[in-house]
>>> print(open('run-v3.tsv').read())   # TSV, C-alpha atoms
chain	number	residue	atom	x	y	z
M	115	MET	CA	112.22	131.59	138.22
M	116	ILE	CA	112.92	133.76	141.25
M	117	ALA	CA	116.37	134.16	142.79
M	118	PHE	CA	117.52	135.85	145.99
M	119	VAL	CA	121.13	137.04	146.07
M	120	SER	CA	122.59	138.47	149.27
M	121	GLY	CA	125.99	139.32	150.67
M	122	GLY	CA	127.99	142.07	152.36
M	123	ALA	CA	129.08	145.42	150.89
M	124	ARG	CA	131.35	144.94	147.83
M	125	SER	CA	131.02	141.18	148.11
M	126	GLY	CA	130.38	140.91	144.38
M	127	LYS	CA	126.65	140.29	144.84
M	128	SER	CA	125.51	142.72	142.13
M	129	ARG	CA	127.98	141.31	139.64
M	130	TYR	CA	126.89	137.78	140.43
M	131	ALA	CA	123.19	138.76	140.18
M	132	GLU	CA	123.82	140.40	136.79
M	133	SER	CA	125.53	137.25	135.49
M	134	LEU	CA	122.63	135.14	136.68
M	135	ALA	CA	120.06	137.48	135.08
M	136	ARG	CA	122.01	137.51	131.79
M	137	SER	CA	122.25	133.71	131.75
M	138	TRP	CA	118.51	133.34	132.42
M	139	GLN	CA	117.71	135.88	129.69
M	140	ALA	CA	120.03	134.06	127.25
M	141	GLU	CA	118.25	130.82	128.09
M	142	HIS	CA	114.65	132.04	127.99
M	143	GLY	CA	114.77	135.09	125.71
M	144	GLY	CA	112.69	138.23	126.37
M	145	GLY	CA	113.95	141.58	127.58
M	146	LEU	CA	116.61	142.29	130.20
M	147	TYR	CA	115.61	144.90	132.77
M	148	TYR	CA	117.49	146.52	135.58
M	149	LEU	CA	115.02	147.75	138.19
M	150	ALA	CA	117.05	150.21	140.26
M	151	THR	CA	115.66	151.29	143.61
M	152	ALA	CA	118.26	154.10	143.69
M	153	LYS	CA	117.24	157.14	141.65
M	154	ALA	CA	120.06	158.85	139.76
M	155	ALA	CA	118.02	162.08	139.56
M	156	GLY	CA	117.43	162.00	143.28
M	157	ALA	CA	121.14	161.58	143.88
M	158	ALA	CA	121.93	164.97	142.29
M	159	GLY	CA	123.16	166.36	145.59
M	160	ASP	CA	125.08	163.21	146.48
M	161	GLU	CA	128.14	162.89	144.26
M	162	GLU	CA	129.23	159.63	145.83
M	163	MET	CA	125.84	158.04	145.11
M	164	ALA	CA	125.72	159.50	141.59
M	165	GLY	CA	129.19	158.08	140.90
M	166	ARG	CA	128.18	154.71	142.32
M	167	ILE	CA	125.12	154.59	140.00
M	168	ALA	CA	127.21	155.66	136.97
M	169	ARG	CA	129.80	152.97	137.74
M	170	HIS	CA	127.15	150.26	138.02
M	171	ARG	CA	125.60	151.39	134.72
M	172	ARG	CA	128.95	151.37	132.90
M	173	GLU	CA	129.72	147.91	134.22
M	174	ARG	CA	126.34	146.54	133.14
M	175	GLY	CA	126.67	147.55	129.48
M	176	GLU	CA	123.97	148.39	126.97
M	177	ALA	CA	121.97	145.17	126.92
M	178	TRP	CA	119.90	146.40	129.85
M	179	THR	CA	116.81	148.58	130.00
M	180	THR	CA	117.05	150.55	133.24
M	181	LEU	CA	113.96	151.40	135.26
M	182	GLU	CA	114.36	153.60	138.33
M	183	GLU	CA	111.76	153.31	141.05
M	184	PRO	CA	112.46	154.13	144.70
M	185	VAL	CA	109.16	152.79	146.11
M	186	ALA	CA	106.45	151.62	143.65
M	187	ILE	CA	108.21	148.49	142.36
M	188	ASP	CA	104.78	146.93	141.66
M	189	THR	CA	104.06	149.70	139.14
M	190	ALA	CA	107.56	149.43	137.70
M	191	ILE	CA	107.30	145.71	137.06
M	192	GLY	CA	104.05	146.42	135.19
M	193	GLN	CA	106.14	148.21	132.54
M	194	VAL	CA	108.18	145.09	131.85
M	195	ALA	CA	107.26	142.90	128.85
M	196	ASP	CA	106.07	139.34	129.57
M	197	ARG	CA	108.75	136.60	129.71
M	198	SER	CA	111.52	139.11	130.46
M	199	THR	CA	114.26	138.92	133.06
M	200	VAL	CA	114.26	141.55	135.80
M	201	LEU	CA	117.08	142.33	138.23
M	202	LEU	CA	115.79	144.18	141.31
M	203	ASP	CA	118.73	145.97	142.98
M	204	CYS	CA	118.40	146.33	145.89
M	205	LEU	CA	116.00	145.52	148.75
M	206	THR	CA	118.00	147.33	151.46
M	207	LEU	CA	117.52	150.72	149.85
M	208	TRP	CA	113.93	149.98	148.86
M	209	ALA	CA	113.12	148.95	152.46
M	210	SER	CA	114.45	152.25	153.82
M	211	GLN	CA	112.53	154.24	151.21
M	212	VAL	CA	109.31	152.37	152.03
M	213	LEU	CA	109.69	153.15	155.73
M	214	TYR	CA	111.11	156.66	155.55
M	215	ALA	CA	110.24	158.17	152.15
M	216	SER	CA	106.72	156.95	151.56
M	217	SER	CA	103.40	156.70	153.37
M	218	LEU	CA	103.61	152.89	153.42
M	219	ASN	CA	104.13	150.77	156.51
M	220	GLU	CA	105.75	147.33	156.89
M	221	HIS	CA	102.53	145.51	156.08
M	222	ALA	CA	102.01	147.44	152.83
M	223	GLY	CA	105.68	146.95	151.92
M	224	VAL	CA	105.43	143.18	152.30
M	225	ALA	CA	102.19	143.21	150.28
M	226	MET	CA	103.88	145.19	147.48
M	227	LEU	CA	106.80	142.76	147.33
M	228	ARG	CA	104.33	139.86	147.13
M	229	VAL	CA	102.60	141.57	144.18
M	230	VAL	CA	105.97	141.81	142.40
M	231	MET	CA	106.65	138.09	142.94
M	232	HIS	CA	103.10	137.22	141.91
M	233	GLU	CA	103.49	139.27	138.71
M	234	ALA	CA	106.72	137.44	138.01
M	235	ARG	CA	104.95	134.08	138.29
M	236	ALA	CA	101.83	135.14	136.37
M	237	ARG	CA	103.77	136.68	133.47
M	238	ALA	CA	106.64	134.19	133.25
M	239	LEU	CA	109.25	136.75	134.30
M	240	ASP	CA	112.58	135.68	135.71
M	241	LEU	CA	113.25	137.81	138.78
M	242	VAL	CA	116.59	138.23	140.56
M	243	VAL	CA	116.38	140.11	143.87
M	244	VAL	CA	119.55	141.58	145.41
M	245	SER	CA	119.95	142.51	149.07
M	246	ASN	CA	122.48	142.87	151.87
M	247	ASP	CA	122.63	141.04	155.22
M	248	VAL	CA	122.81	143.61	158.01
M	249	ASN	CA	121.55	141.50	160.93
M	250	GLU	CA	124.65	139.69	162.16
M	251	GLY	CA	126.38	142.53	163.98
M	252	LEU	CA	125.91	143.86	167.50
M	253	PRO	CA	122.18	144.56	168.02
M	254	VAL	CA	121.46	148.29	167.69
M	255	ARG	CA	119.55	149.86	170.58
M	256	ASP	CA	117.90	152.54	168.45
M	257	ALA	CA	114.25	151.50	167.99
M	258	GLU	CA	114.04	152.85	164.42
M	259	VAL	CA	117.11	150.91	163.33
M	260	GLN	CA	115.66	147.78	164.97
M	261	ARG	CA	112.42	148.36	163.09
M	262	TYR	CA	114.34	148.65	159.82
M	263	VAL	CA	116.35	145.47	160.41
M	264	ALA	CA	113.21	143.56	161.37
M	265	PHE	CA	111.42	144.79	158.21
M	266	LEU	CA	114.34	143.99	155.92
M	267	GLN	CA	114.68	140.51	157.43
M	268	ARG	CA	110.94	139.96	156.96
M	269	LEU	CA	111.35	140.87	153.27
M	270	HIS	CA	114.33	138.52	152.97
M	271	ARG	CA	112.39	135.60	154.43
M	272	GLU	CA	109.45	136.32	152.08
M	273	VAL	CA	111.67	136.21	148.98
M	274	VAL	CA	113.76	133.28	150.21
M	275	ALA	CA	110.62	131.21	150.89
M	276	GLU	CA	109.36	131.85	147.35
M	277	ALA	CA	112.67	131.67	145.43
M	278	GLU	CA	113.98	128.60	143.62
M	279	VAL	CA	117.56	129.90	143.82
M	280	VAL	CA	119.02	131.43	147.00
M	281	VAL	CA	122.64	132.53	146.96
M	282	GLN	CA	124.93	134.10	149.55
M	283	VAL	CA	127.88	135.79	147.86
M	284	VAL	CA	131.13	135.80	149.83
M	285	ALA	CA	134.17	137.54	148.27
M	286	GLY	CA	132.65	137.14	144.82
M	287	LEU	CA	131.99	133.43	145.33
M	288	PRO	CA	128.42	132.12	145.42
M	289	ALA	CA	127.28	129.72	148.16
M	290	TYR	CA	123.97	128.05	147.26
M	291	TRP	CA	121.36	127.77	150.00
M	292	LYS	CA	118.62	126.72	147.60
M	293	GLY	CA	118.56	125.41	144.07
M	294	GLU	CA	121.05	123.82	141.77
M	295	ARG	CA	124.08	125.82	140.76
M	296	PRO	CA	122.71	127.68	137.71
M	297	CYS	CA	124.84	128.05	134.61
M	298	VAL	CA	126.48	131.45	135.10
M	299	PRO	CA	128.98	132.76	132.56
B	166	MET	CA	121.71	119.40	173.19
B	167	GLN	CA	120.97	121.32	170.01
B	168	CYS	CA	122.07	124.84	169.15
B	169	PHE	CA	120.50	127.29	166.66
B	170	ILE	CA	122.74	130.23	165.75
B	171	GLY	CA	121.81	133.16	163.52
B	172	GLY	CA	121.48	136.93	163.21
B	173	ALA	CA	118.62	139.11	164.46
B	174	TYR	CA	115.25	138.26	162.87
B	175	ALA	CA	116.84	135.45	160.87
B	176	GLY	CA	114.02	133.03	161.76
B	177	LYS	CA	115.66	131.11	164.63
B	178	ARG	CA	112.50	130.76	166.74
B	179	ALA	CA	110.42	129.65	163.75
B	180	ALA	CA	113.09	127.04	162.97
B	181	VAL	CA	112.87	125.73	166.54
B	182	ARG	CA	109.05	125.75	166.60
B	183	ALA	CA	109.00	123.80	163.33
B	184	ARG	CA	111.18	121.06	164.81
B	185	PHE	CA	110.01	120.64	168.40
B	186	ASP	CA	106.46	120.14	169.68
B	187	ASN	CA	105.29	122.24	172.62
B	188	PRO	CA	108.66	123.16	174.06
B	189	VAL	CA	109.04	124.94	177.41
B	190	TRP	CA	110.75	128.32	176.97
B	191	LEU	CA	113.21	130.09	179.22
B	192	THR	CA	113.59	133.49	177.61
B	193	ALA	CA	115.45	136.58	178.71
B	194	TYR	CA	113.16	138.63	176.45
B	195	ALA	CA	110.27	137.86	178.84
B	196	GLY	CA	112.42	138.67	181.86
B	197	ASP	CA	113.26	135.07	182.83
B	198	ASP	CA	116.37	134.57	184.96
B	199	LEU	CA	118.91	132.11	183.60
B	200	GLU	CA	119.43	130.68	187.08
B	201	THR	CA	115.81	129.48	187.18
B	202	TRP	CA	116.32	126.96	184.36
B	203	PRO	CA	116.14	123.87	186.65
B	204	GLN	CA	112.50	124.74	187.46
B	205	ARG	CA	111.62	124.43	183.76
B	206	ALA	CA	113.67	121.30	183.12
B	207	ILE	CA	110.79	118.81	182.99
B	208	PRO	CA	111.67	115.22	182.07
B	209	GLY	CA	110.26	114.18	178.70
B	210	THR	CA	109.96	117.74	177.38
B	211	THR	CA	112.05	120.13	175.30
B	212	LEU	CA	113.52	123.18	177.04
B	213	VAL	CA	114.39	126.13	174.76
B	214	VAL	CA	116.80	128.65	176.28
B	215	GLU	CA	117.16	132.03	174.53
B	216	GLY	CA	118.31	135.58	175.17
B	217	TRP	CA	121.88	134.78	176.16
B	218	GLU	CA	123.13	138.21	175.08
B	219	ARG	CA	120.71	139.81	177.58
B	220	TRP	CA	121.97	137.62	180.43
B	221	LEU	CA	125.54	138.35	179.37
B	222	ALA	CA	124.87	142.11	179.28
B	223	THR	CA	123.55	141.98	182.86
B	224	ALA	CA	126.46	139.83	184.05
B	225	LEU	CA	129.00	142.24	182.51
B	226	ASP	CA	128.11	144.83	185.12
B	227	GLU	CA	128.79	142.40	187.96
B	228	THR	CA	132.45	141.69	187.23
B	229	GLU	CA	135.26	142.90	184.99
B	230	ASP	CA	136.78	139.44	184.76
B	231	ASP	CA	135.75	138.20	181.31
B	232	ASP	CA	137.43	134.81	181.70
B	233	ARG	CA	135.43	134.20	184.85
B	234	LEU	CA	132.23	135.23	183.09
B	235	ARG	CA	132.93	132.92	180.19
B	236	ARG	CA	133.54	130.04	182.62
B	237	ARG	CA	130.36	130.85	184.53
B	238	PHE	CA	128.23	130.65	181.39
B	239	ALA	CA	130.08	127.58	180.14
B	240	ASP	CA	129.33	125.93	183.50
B	241	THR	CA	125.62	126.66	183.01
B	242	LEU	CA	125.77	125.17	179.50
B	243	ALA	CA	127.49	122.08	180.89
B	244	ALA	CA	124.83	121.78	183.63
B	245	LEU	CA	122.09	121.98	180.97
B	246	ALA	CA	123.81	119.24	178.96
B	247	ARG	CA	124.11	117.11	182.11
B	248	ALA	CA	120.43	117.61	183.02
B	249	GLU	CA	119.52	116.55	179.50
B	250	ARG	CA	121.45	113.28	179.83
B	251	GLU	CA	120.33	112.51	183.36
B	252	HIS	CA	116.65	113.54	183.23
B	253	GLY	CA	115.45	112.53	179.77
B	254	LEU	CA	115.14	116.12	178.65
B	255	LEU	CA	115.94	117.80	175.34
B	256	VAL	CA	117.74	121.16	175.56
B	257	VAL	CA	117.66	123.61	172.63
B	258	LEU	CA	119.81	126.73	172.74
B	259	ILE	CA	119.08	129.79	170.59
B	260	VAL	CA	122.17	131.96	170.18
B	261	LEU	CA	122.29	135.36	168.49
B	262	GLU	CA	125.12	135.89	165.99
B	263	MET	CA	126.40	139.42	166.61
B	264	GLY	CA	130.07	139.28	165.70
B	265	ARG	CA	129.94	140.30	162.07
B	266	GLY	CA	129.52	144.07	162.23
B	267	ILE	CA	132.19	146.72	162.74
B	268	VAL	CA	134.16	146.73	166.01
B	269	PRO	CA	132.11	148.86	168.45
B	270	LEU	CA	133.69	152.05	169.80
B	271	ASP	CA	132.21	151.42	173.23
B	272	ALA	CA	134.34	149.14	175.45
B	273	GLY	CA	131.28	147.58	177.08
B	274	GLU	CA	129.85	146.68	173.70
B	275	ARG	CA	133.17	145.13	172.67
B	276	ARG	CA	133.11	142.98	175.83
B	277	LEU	CA	129.54	141.90	175.14
B	278	ARG	CA	130.42	140.99	171.57
B	279	ASP	CA	133.47	139.00	172.68
B	280	LEU	CA	131.56	137.13	175.37
B	281	ALA	CA	128.67	136.39	173.00
B	282	GLY	CA	131.16	134.93	170.52
B	283	TRP	CA	132.78	132.75	173.19
B	284	LEU	CA	129.39	131.64	174.42
B	285	ALA	CA	128.43	130.62	170.87
B	286	GLN	CA	131.67	128.62	170.58
B	287	ASP	CA	131.15	126.96	173.95
B	288	ALA	CA	127.50	126.16	173.19
B	289	ALA	CA	128.41	124.73	169.78
B	290	SER	CA	131.22	122.62	171.24
B	291	MET	CA	128.83	121.02	173.76
B	292	ALA	CA	125.88	120.53	171.39
B	293	GLU	CA	125.40	117.35	169.38
B	294	ARG	CA	123.67	119.28	166.60
B	295	VAL	CA	124.44	122.85	165.53
B	296	TRP	CA	122.31	124.79	163.03
B	297	TYR	CA	122.96	128.10	161.30
B	298	VAL	CA	119.80	130.08	160.49
B	299	TRP	CA	119.94	132.59	157.63
B	300	ASN	CA	116.93	134.39	156.19
B	301	GLY	CA	114.57	131.65	157.28
B	302	LEU	CA	116.72	128.80	155.94
B	303	VAL	CA	118.51	126.34	158.20
B	304	GLN	CA	121.86	124.72	157.52
B	305	GLY	CA	123.31	121.92	159.62
B	306	MET	CA	126.83	122.81	160.78
B	307	ARG	CA	127.22	119.64	162.81
>>> encode(input="run-v3.tsv", output="structure tokens")
Amino acid sequence: MIAFVSGGARSGKSRYAESLARSWQAEHGGGLYYLATAKAAGAAGDEEMAGRIARHRRERGEAWTTLEEPVAIDTAIGQVADRSTVLLDCLTLWASQVLYASSLNEHAGVAMLRVVMHEARARALDLVVVSNDVNEGLPVRDAEVQRYVAFLQRLHREVVAEAEVVVQVVAGLPAYWKGERPCVP
Amino acid sequence: MQCFIGGAYAGKRAAVRARFDNPVWLTAYAGDDLETWPQRAIPGTTLVVEGWERWLATALDETEDDDRLRRRFADTLAALARAEREHGLLVVLIVLEMGRGIVPLDAGERRLRDLAGWLAQDAASMAERVWYVWNGLVQGMR
């Protein structure tokens, strides 16, 4: 199964996505992986980011195997055992790292994300993808920011089209755009 | 009249193309003037009108009276709805949601955001069907 979970900052989307991943793992067995696109080592100079990562880790508990990969999520998912559950958190950061911290372009980024979803299907992984909606404010004139928003939205539409479960989290509450309400503890 | 509302790159145009065959477009993004809509209102066809925030941004410079501007755009929406009824035409409005970010520091941007929000309300109130487009998915609001 593939799920897309989106919402605003501190909307409770990560917490919801973790619950969903845990419930899928409890149902199907296999490992439970947290694929973080933020790198704790890379955040050495950014105390706020380091604290944010530490807080997320504490809140997740020890059931998770954490993988950190800022760009090559296709390689990272290759390290995951078949039939596992993977939480990819989050697309917003990954999208910026693809555009601004790698040699990839939009086309290659979309292709990489498709590989990840294809791997999930081929190896019976459950995949939960977390992102943030940033496209409903005043349009930004800066061409680079526009390029980023367009790329992130493209990624969203790719995942949403493929996913069985699509959830918008508002104030911690899930609204289901696609799929039945899954059993979430 | 039908109205598709959603954020930037949410998939609004694709949603319209999937639902209406060979529509005629009036689009601010290609430099079309809003006032020229009657020339594209062809009986028996679908007219898609998009780029309202561009037309609003241009109109903002012409007057400081926001109430008047809102009325002027609402009058155009009403005229489109009337043409639809009287000439066997289907009108589809595409409206950009832009009210969910932080309040802009720039006064002109605040005006634009306010007027775009009012326009969305006015368009939705006149449309028989209203759709919210989010990440390529479409939800009926009315």
>>> interface_residues(input="run-v3.tsv", of="chain B", to="chain M", cutoff="12 Å", atoms="all atoms listed in the file", output="PyMOL selection string")
chain B and resi 170-177+179+218-219+222+260-271+273-282+297-305
>>> atom_distance(input="run-v3.tsv", atom1="atom CA of M:Val229", atom2="atom CA of M:Gly126")
27.8 Å
>>> atom_distance(input="run-v3.tsv", atom1="atom CA of M:Leu201", atom2="atom CA of M:Asp240")
8.4 Å
>>> atom_distance(input="run-v3.tsv", atom1="atom CA of M:Gly144", atom2="atom CA of M:Ile116")
15.5 Å
>>> closest_residue(input="run-v3.tsv", among="M:Gly121, M:Trp178, M:Ala131, M:Asp203", to="M:Val279", atoms="all atoms listed in the file")
M:Ala131
>>> residues_around(input="run-v3.tsv", residues="stretch 188-204 of chain B", least_positions_apart="6", cutoff="10 Å", atoms="all atoms listed in the file", output="JSON, numbers by chain")
{"B": [181, 182, 210, 211, 212, 213, 214, 215, 216, 217, 218, 219, 220, 238, 241, 244, 245, 248, 255, 256, 257, 258, 259]}
>>> write_last_selection(input="run-v3.tsv", atoms="C-alpha atoms", output="PDB file, in the coordinates of the input")
ATOM      1  CA  VAL B 181     112.870 125.730 166.540  1.00  0.00           C
ATOM      2  CA  ARG B 182     109.050 125.750 166.600  1.00  0.00           C
ATOM      3  CA  THR B 210     109.960 117.740 177.380  1.00  0.00           C
ATOM      4  CA  THR B 211     112.050 120.130 175.300  1.00  0.00           C
ATOM      5  CA  LEU B 212     113.520 123.180 177.040  1.00  0.00           C
ATOM      6  CA  VAL B 213     114.390 126.130 174.760  1.00  0.00           C
ATOM      7  CA  VAL B 214     116.800 128.650 176.280  1.00  0.00           C
ATOM      8  CA  GLU B 215     117.160 132.030 174.530  1.00  0.00           C
ATOM      9  CA  GLY B 216     118.310 135.580 175.170  1.00  0.00           C
ATOM     10  CA  TRP B 217     121.880 134.780 176.160  1.00  0.00           C
ATOM     11  CA  GLU B 218     123.130 138.210 175.080  1.00  0.00           C
ATOM     12  CA  ARG B 219     120.710 139.810 177.580  1.00  0.00           C
ATOM     13  CA  TRP B 220     121.970 137.620 180.430  1.00  0.00           C
ATOM     14  CA  PHE B 238     128.230 130.650 181.390  1.00  0.00           C
ATOM     15  CA  THR B 241     125.620 126.660 183.010  1.00  0.00           C
ATOM     16  CA  ALA B 244     124.830 121.780 183.630  1.00  0.00           C
ATOM     17  CA  LEU B 245     122.090 121.980 180.970  1.00  0.00           C
ATOM     18  CA  ALA B 248     120.430 117.610 183.020  1.00  0.00           C
ATOM     19  CA  LEU B 255     115.940 117.800 175.340  1.00  0.00           C
ATOM     20  CA  VAL B 256     117.740 121.160 175.560  1.00  0.00           C
ATOM     21  CA  VAL B 257     117.660 123.610 172.630  1.00  0.00           C
ATOM     22  CA  LEU B 258     119.810 126.730 172.740  1.00  0.00           C
ATOM     23  CA  ILE B 259     119.080 129.790 170.590  1.00  0.00           C
TER      24      ILE B 259
END
>>> closest_residue(input="run-v3.tsv", among="M:Arg237, M:His221, M:Arg172, M:Arg228", to="M:Asp188", atoms="all atoms listed in the file")
M:Arg228
>>> residues_around(input="run-v3.tsv", residues="B:Met306", least_positions_apart="5", cutoff="10 Å", atoms="all atoms listed in the file", output="ChimeraX atom specification")
/B:168-170,289,294-297
>>> write_last_selection(input="run-v3.tsv", atoms="C-alpha atoms", output="mmCIF file, in the coordinates of the input")
data_model
loop_
_atom_site.group_PDB
_atom_site.id
_atom_site.type_symbol
_atom_site.label_atom_id
_atom_site.label_comp_id
_atom_site.auth_asym_id
_atom_site.auth_seq_id
_atom_site.Cartn_x
_atom_site.Cartn_y
_atom_site.Cartn_z
ATOM 1 C CA CYS B 168 122.070 124.840 169.150
ATOM 2 C CA PHE B 169 120.500 127.290 166.660
ATOM 3 C CA ILE B 170 122.740 130.230 165.750
ATOM 4 C CA ALA B 289 128.410 124.730 169.780
ATOM 5 C CA ARG B 294 123.670 119.280 166.600
ATOM 6 C CA VAL B 295 124.440 122.850 165.530
ATOM 7 C CA TRP B 296 122.310 124.790 163.030
ATOM 8 C CA TYR B 297 122.960 128.100 161.300
#
>>> closest_residue(input="run-v3.tsv", among="M:Glu258, M:Leu213, M:Thr199, M:His232", to="M:Trp138", atoms="only C-alpha atoms")
M:Thr199
>>> build_atoms(input="run-v3.tsv", residues="stretch 127-147 of chain M", atoms="N, CA and C atoms", output="tab-separated table (two decimals), in the coordinates of the input")
chain	number	residue	atom	x	y	z
M	127	LYS	N	128.02	140.80	145.00
M	127	LYS	CA	126.65	140.29	144.84
M	127	LYS	C	125.95	140.83	143.61
M	128	SER	N	126.16	142.14	143.31
M	128	SER	CA	125.51	142.72	142.13
M	128	SER	C	126.06	142.08	140.87
M	129	ARG	N	127.37	141.91	140.82
M	129	ARG	CA	127.98	141.31	139.64
M	129	ARG	C	127.47	139.88	139.44
M	130	TYR	N	127.40	139.15	140.52
M	130	TYR	CA	126.89	137.78	140.43
M	130	TYR	C	125.44	137.79	139.94
M	131	ALA	N	124.62	138.68	140.53
M	131	ALA	CA	123.19	138.76	140.18
M	131	ALA	C	123.03	139.12	138.71
M	132	GLU	N	123.89	140.02	138.21
M	132	GLU	CA	123.82	140.40	136.79
M	132	GLU	C	124.16	139.21	135.90
M	133	SER	N	125.17	138.45	136.27
M	133	SER	CA	125.53	137.25	135.49
M	133	SER	C	124.37	136.27	135.45
M	134	LEU	N	123.75	136.08	136.61
M	134	LEU	CA	122.63	135.14	136.68
M	134	LEU	C	121.48	135.62	135.80
M	135	ALA	N	121.16	136.93	135.89
M	135	ALA	CA	120.06	137.48	135.08
M	135	ALA	C	120.39	137.33	133.59
M	136	ARG	N	121.62	137.63	133.22
M	136	ARG	CA	122.01	137.51	131.79
M	136	ARG	C	121.89	136.07	131.32
M	137	SER	N	122.29	135.12	132.18
M	137	SER	CA	122.25	133.71	131.75
M	137	SER	C	120.80	133.23	131.63
M	138	TRP	N	119.93	133.71	132.52
M	138	TRP	CA	118.51	133.34	132.42
M	138	TRP	C	117.90	133.94	131.16
M	139	GLN	N	118.26	135.22	130.88
M	139	GLN	CA	117.71	135.88	129.69
M	139	GLN	C	118.20	135.17	128.43
M	140	ALA	N	119.48	134.76	128.42
M	140	ALA	CA	120.03	134.06	127.25
M	140	ALA	C	119.29	132.73	127.04
M	141	GLU	N	118.92	132.12	128.15
M	141	GLU	CA	118.25	130.82	128.09
M	141	GLU	C	116.79	130.95	127.65
M	142	HIS	N	116.10	131.95	128.19
M	142	HIS	CA	114.65	132.04	127.99
M	142	HIS	C	114.22	133.12	127.00
M	143	GLY	N	115.14	133.99	126.60
M	143	GLY	CA	114.77	135.09	125.71
M	143	GLY	C	114.04	136.19	126.47
M	144	GLY	N	113.39	137.11	125.73
M	144	GLY	CA	112.69	138.23	126.37
M	144	GLY	C	113.66	139.36	126.68
M	145	GLY	N	113.12	140.42	127.29
M	145	GLY	CA	113.95	141.58	127.58
M	145	GLY	C	114.79	141.39	128.84
M	146	LEU	N	115.73	142.32	129.03
M	146	LEU	CA	116.61	142.29	130.20
M	146	LEU	C	116.50	143.64	130.90
M	147	TYR	N	115.90	143.64	132.08
M	147	TYR	CA	115.61	144.90	132.77
M	147	TYR	C	116.38	145.01	134.08
